[in-house]
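Here is the file coords_19.tsv (TSV, C-alpha atoms and all ligand atoms).
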chain	number	residue	atom	x	y	z
V	1	MET	CA	0.00	0.00	0.00
V	2	THR	CA	1.42	3.40	-0.96
V	3	ALA	CA	1.10	5.87	1.88
V	4	LEU	CA	-1.33	8.69	1.25
V	5	PRO	CA	0.13	12.18	1.69
V	6	ILE	CA	-0.46	13.77	5.07
V	7	VAL	CA	-1.98	17.23	4.67
V	8	ILE	CA	-2.20	19.76	7.47
V	9	VAL	CA	-5.21	22.03	7.11
V	10	ALA	CA	-5.16	25.12	9.34
V	11	ALA	CA	-6.37	28.69	9.51
V	12	ILE	CA	-3.74	30.88	11.16
V	13	ALA	CA	-3.87	34.55	12.05
V	14	ASP	CA	-0.92	36.81	11.24
V	15	ASN	CA	0.10	36.59	14.93
V	16	GLY	CA	-0.05	32.78	14.90
V	17	VAL	CA	-3.31	32.48	16.82
V	18	ILE	CA	-5.67	29.67	15.74
V	19	GLY	CA	-8.27	29.65	18.52
V	20	ASP	CA	-9.32	30.84	21.92
V	21	ASP	CA	-11.10	29.06	24.74
V	22	ASN	CA	-11.49	26.01	22.48
V	23	ARG	CA	-13.41	27.81	19.76
V	24	LEU	CA	-12.83	29.44	16.41
V	25	ILE	CA	-12.42	33.18	16.63
V	26	TRP	CA	-13.59	34.42	13.24
V	27	ARG	CA	-16.40	34.07	10.78
V	28	LEU	CA	-14.96	33.09	7.41
V	29	LYS	CA	-17.57	31.30	5.32
V	30	THR	CA	-15.28	30.98	2.32
V	31	ASP	CA	-12.70	29.25	4.50
V	32	LEU	CA	-15.29	26.81	5.85
V	33	ARG	CA	-16.07	25.83	2.24
V	34	HIS	CA	-12.33	25.50	1.54
V	35	PHE	CA	-11.91	23.27	4.61
V	36	ARG	CA	-14.82	21.13	3.41
V	37	SER	CA	-13.33	20.70	-0.06
V	38	LEU	CA	-9.90	19.77	1.39
V	39	THR	CA	-11.34	17.18	3.77
V	40	LEU	CA	-14.46	15.73	2.15
V	41	GLY	CA	-14.17	12.01	1.31
V	42	ARG	CA	-10.98	11.72	3.40
V	43	PRO	CA	-9.97	10.61	6.87
V	44	VAL	CA	-9.60	13.61	9.18
V	45	LEU	CA	-7.45	13.47	12.32
V	46	MET	CA	-8.04	15.83	15.22
V	47	GLY	CA	-7.35	16.20	18.92
V	48	ARG	CA	-10.06	15.60	21.49
V	49	LYS	CA	-10.36	19.32	22.25
V	50	THR	CA	-10.91	20.25	18.62
V	51	PHE	CA	-13.48	17.48	18.30
V	52	LEU	CA	-15.25	18.88	21.38
V	53	SER	CA	-15.29	22.35	19.83
V	54	ILE	CA	-16.82	20.99	16.59
V	55	GLY	CA	-19.22	18.91	18.63
V	56	LYS	CA	-20.00	16.17	16.11
V	57	PRO	CA	-18.41	13.94	13.48
V	58	LEU	CA	-17.84	15.75	10.19
V	59	PRO	CA	-20.31	14.48	7.58
V	60	GLY	CA	-18.82	12.80	4.51
V	61	ARG	CA	-15.51	12.20	6.26
V	62	GLU	CA	-14.07	9.61	8.66
V	63	THR	CA	-13.11	11.45	11.84
V	64	ILE	CA	-10.28	10.05	13.95
V	65	VAL	CA	-10.07	11.63	17.40
V	66	LEU	CA	-6.85	11.48	19.40
V	67	THR	CA	-7.11	11.11	23.16
V	68	ARG	CA	-5.08	9.46	25.90
V	69	ASP	CA	-8.32	8.64	27.74
V	70	LEU	CA	-8.99	4.94	27.15
V	71	ALA	CA	-12.61	5.32	28.28
V	72	TYR	CA	-13.42	8.09	25.75
V	73	ARG	CA	-15.64	6.62	23.04
V	74	PRO	CA	-17.86	9.20	21.35
V	75	GLU	CA	-20.27	7.91	18.72
V	76	GLY	CA	-19.62	8.16	15.03
V	77	VAL	CA	-15.84	8.62	15.19
V	78	HIS	CA	-12.73	6.47	15.39
V	79	VAL	CA	-10.64	6.94	18.51
V	80	ALA	CA	-6.84	6.57	18.64
V	81	HIS	CA	-4.52	6.81	21.64
V	82	ALA	CA	-1.24	7.68	19.92
V	83	LEU	CA	-0.29	9.60	16.78
V	84	ASP	CA	1.21	6.60	14.99
V	85	GLU	CA	-1.91	4.57	15.73
V	86	ALA	CA	-4.10	7.42	14.40
V	87	LEU	CA	-2.05	7.75	11.22
V	88	LEU	CA	-2.11	4.01	10.57
V	89	ARG	CA	-5.87	3.99	11.03
V	90	ALA	CA	-6.17	7.01	8.74
V	91	GLN	CA	-4.08	5.35	6.03
V	92	ARG	CA	-6.26	2.23	6.13
V	93	LEU	CA	-9.50	4.21	6.10
V	94	GLY	CA	-8.17	6.42	3.32
V	95	ALA	CA	-7.31	3.41	1.17
V	96	ASP	CA	-10.80	1.96	1.75
V	97	MET	CA	-12.41	5.30	0.87
V	98	GLY	CA	-10.29	5.82	-2.24
V	99	ALA	CA	-9.04	9.07	-0.72
V	100	ASP	CA	-6.10	11.02	-2.16
V	101	SER	CA	-4.80	12.21	1.21
V	102	VAL	CA	-5.15	12.15	4.97
V	103	ALA	CA	-6.10	15.46	6.57
V	104	VAL	CA	-4.82	16.70	9.93
V	105	ALA	CA	-7.27	19.30	11.27
V	106	GLY	CA	-5.68	20.39	14.56
V	107	GLY	CA	-5.62	21.73	17.12
V	108	ALA	CA	-2.30	23.16	18.23
V	109	GLU	CA	-1.10	20.01	20.02
V	110	ILE	CA	-1.86	17.79	17.06
V	111	TYR	CA	-0.34	20.20	14.53
V	112	ARG	CA	2.88	20.28	16.58
V	113	GLN	CA	3.22	16.50	16.51
V	114	ALA	CA	2.12	16.03	12.89
V	115	LEU	CA	4.19	18.84	11.31
V	116	PRO	CA	7.42	16.79	11.02
V	117	LEU	CA	5.43	14.12	9.14
V	118	ALA	CA	3.38	16.41	6.89
V	119	ASP	CA	3.78	16.26	3.11
V	120	ARG	CA	1.72	19.37	2.45
V	121	LEU	CA	0.35	22.32	4.38
V	122	GLU	CA	-2.90	23.95	3.27
V	123	LEU	CA	-2.90	27.14	5.28
V	124	THR	CA	-5.44	29.91	5.42
V	125	LEU	CA	-3.45	32.97	6.44
V	126	VAL	CA	-5.96	35.18	8.17
V	127	HIS	CA	-4.94	38.83	8.06
V	128	ALA	CA	-5.90	39.77	11.60
V	129	ALA	CA	-4.22	39.66	15.01
V	130	PRO	CA	-6.82	38.35	17.47
V	131	GLU	CA	-6.11	37.36	21.05
V	132	GLY	CA	-6.16	33.63	21.68
V	133	ASP	CA	-4.72	30.82	23.75
V	134	ALA	CA	-4.10	28.37	20.88
V	135	VAL	CA	-1.19	29.13	18.57
V	136	PHE	CA	0.09	27.31	15.48
V	137	PRO	CA	3.53	25.86	16.30
V	138	ASP	CA	6.75	27.09	14.75
V	139	TRP	CA	7.53	25.13	11.61
V	140	ASP	CA	10.57	24.68	9.43
V	141	ARG	CA	9.80	26.84	6.39
V	142	ASN	CA	13.03	25.68	4.72
V	143	ALA	CA	11.63	22.17	4.53
V	144	PHE	CA	8.75	23.31	2.30
V	145	ASP	CA	8.33	24.98	-1.08
V	146	ALA	CA	5.69	27.67	-1.31
V	147	GLY	CA	3.07	26.82	-3.92
V	148	ALA	CA	-0.21	28.40	-4.97
V	149	ARG	CA	-1.55	31.48	-3.17
V	150	GLU	CA	-5.01	32.95	-3.52
V	151	SER	CA	-5.99	36.21	-1.84
V	152	HIS	CA	-9.50	37.02	-0.69
V	153	PRO	CA	-10.73	40.40	0.52
V	154	ARG	CA	-12.89	41.00	3.54
V	155	SER	CA	-16.54	40.64	2.51
V	156	PRO	CA	-19.99	40.22	4.06
V	157	ASP	CA	-19.23	36.46	4.27
V	158	ASP	CA	-15.69	36.82	5.59
V	159	GLU	CA	-14.86	39.13	8.46
V	160	HIS	CA	-11.14	39.40	7.65
V	161	PRO	CA	-9.11	39.33	4.45
V	162	PHE	CA	-7.18	36.08	4.06
V	163	THR	CA	-4.89	34.14	1.74
V	164	PHE	CA	-5.03	30.44	0.89
V	165	ALA	CA	-1.42	29.22	0.73
V	166	THR	CA	-0.07	25.78	-0.14
V	167	PHE	CA	3.36	24.53	1.00
V	168	ARG	CA	4.81	21.23	-0.24
V	169	ARG	CA	7.58	19.37	1.52
V	170	ARG	CA	10.83	19.49	-0.46
V	171	VAL	CA	11.94	16.09	-1.70
V	201	LIG	N1	-7.73	27.69	13.18
V	201	LIG	C1	-7.70	26.39	12.92
V	201	LIG	O1	-7.46	25.96	11.79
V	201	LIG	C2	-7.96	25.41	14.03
V	201	LIG	C3	-8.11	24.06	13.73
V	201	LIG	C4	-8.34	23.18	14.80
V	201	LIG	C5	-8.42	23.65	16.10
V	201	LIG	N2	-8.29	24.97	16.32
V	201	LIG	C6	-8.32	25.50	17.69
V	201	LIG	O2	-7.28	24.88	18.45
V	201	LIG	C7	-7.67	24.82	19.81
V	201	LIG	C8	-7.53	23.39	20.31
V	201	LIG	O3	-6.16	22.99	20.24
V	201	LIG	P1	-5.45	22.27	21.49
V	201	LIG	O4	-4.00	22.21	21.21
V	201	LIG	O5	-5.91	22.95	22.73
V	201	LIG	O6	-6.14	20.83	21.52
V	201	LIG	P2	-6.20	19.64	20.43
V	201	LIG	O7	-4.89	19.52	19.73
V	201	LIG	O8	-7.44	19.79	19.61
V	201	LIG	O9	-6.46	18.40	21.38
V	201	LIG	C9	-5.52	18.08	22.40
V	201	LIG	C10	-5.89	16.74	22.98
V	201	LIG	O10	-5.61	15.71	22.02
V	201	LIG	C11	-5.17	14.54	22.71
V	201	LIG	N3	-3.82	14.23	22.26
V	201	LIG	C12	-2.83	15.06	21.86
V	201	LIG	N4	-1.72	14.39	21.49
V	201	LIG	C13	-2.02	13.08	21.65
V	201	LIG	C14	-1.29	11.89	21.44
V	201	LIG	N5	-0.04	11.90	20.96
V	201	LIG	N6	-1.89	10.72	21.73
V	201	LIG	C15	-3.16	10.68	22.21
V	201	LIG	N7	-3.91	11.78	22.40
V	201	LIG	C16	-3.35	12.97	22.14
V	201	LIG	C17	-5.25	14.85	24.21
V	201	LIG	O11	-6.57	14.49	24.58
V	201	LIG	P3	-6.94	14.00	26.07
V	201	LIG	O12	-6.79	15.19	26.93
V	201	LIG	O13	-8.35	13.50	25.94
V	201	LIG	O14	-5.97	12.89	26.41
V	201	LIG	C18	-5.09	16.36	24.22
V	201	LIG	O15	-5.64	16.95	25.38
V	201	LIG	C19	-9.11	25.33	19.85
V	201	LIG	O16	-9.11	26.72	20.21
V	201	LIG	C20	-9.59	25.18	18.43
V	201	LIG	O17	-10.63	26.08	18.10
V	201	LIG	C21	-8.06	25.86	15.32

Would you mind writing the structure in this file as structure tokens?
Amino acid sequence: MTALPIVIVAAIADNGVIGDDNRLIWRLKTDLRHFRSLTLGRPVLMGRKTFLSIGKPLPGRETIVLTRDLAYRPEGVHVAHALDEALLRAQRLGADMGADSVAVAGGAEIYRQALPLADRLELTLVHAAPEGDAVFPDWDRNAFDAGARESHPRSPDDEHPFTFATFRRRV
């Protein structure tokens, strides 16, 4: 089985903030659609706190929730107790689904652990500097080539301007 690429999907403010008090801190409808298109039909890995903040399994995707709590068994998702276990499960599910990638959807703790393994980063660079307690970890920009960028202005649907930016790991 060829391993599916691991893709980190994150929306990051200019000051690095990604969330506060376990919730999203902006209203960006265009980014929600972008997230859907990057994750639909694929396995999606997330930490227990991010799953709590979403509140339900994502439709049309296989959600894998990471927790160290062996008794935690929410309905409608797969549960894994270590990153390598989660990734193995995601690879198997992805192969069964005919997916082209495995998505890693946060939060900060999961991004930090998955970054060294990521093949691609699909970042939404949100041009704002909100306060927040969850921050995207430092990452080695030299290990990635910058790819496509697409800028979007602030609009009635999107409360801040933002840029979709793709980074691919150098081979
Ligand atoms: N802007 C974005 O794109 C974006 C995306 C996602 C999330 N967020 C934000 O990020 C924040 C949440 O991030 P966070 O760092 O606090 O939490 P998180 O990464 O969502 O979840 C952390 C939890 O995952 C489990 N975990 C982590 N590493 C593990 C491992 N190696 N093995 C097993 N379980 C593991 C632990 O669960 P247990 O405690 O149950 O053991 C840990 O408490 C929220 O504010 C959310 O809104 C933003």

Once you count only C-alpha atoms and all ligand atoms, which residues end up within 9 Å of ligand LIG 201 (chain V), and could you hand them over as an MDAnalysis selection string? chainID V and resid 9:13 17:26 35 46:54 65:70 72 80:86 104:113 123:124 132:136

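Of the listed residues (V:Arg170, V:Glu75, V:Leu45, V:Ala146), V:Leu45 comes nearest to Thr63 in chain V; the distances count only C-alpha atoms.
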
Do you have the CA of Trp139 in chain V-CA of Arg168 in chain V distance handy?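 That distance, rounded to one decimal, is 12.8 Å.
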
Extract, using only C-alpha atoms, all DNA, RNA and protein residues at most 7 Å from Phe162 in chain V, discarding same-chain residues fewer than 3 positions from it, and format them as a list in words. Thr124, Leu125, Val126, His127, Ser151, His152 and Pro153 of chain V

Counting all atoms listed in the file, what is within 10 Å of Pro116 in chain V, bar same-chain residues fewer than 6 positions away, as a PyMOL selection string? chain V and resi 139-140+143+169

Can you work out the spacing between CA of Pro130 in chain V and CA of Asp31 in chain V in Å, to one decimal?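 Interatomic distance, CA of Pro130 in chain V to CA of Asp31 in chain V: 16.9 Å.
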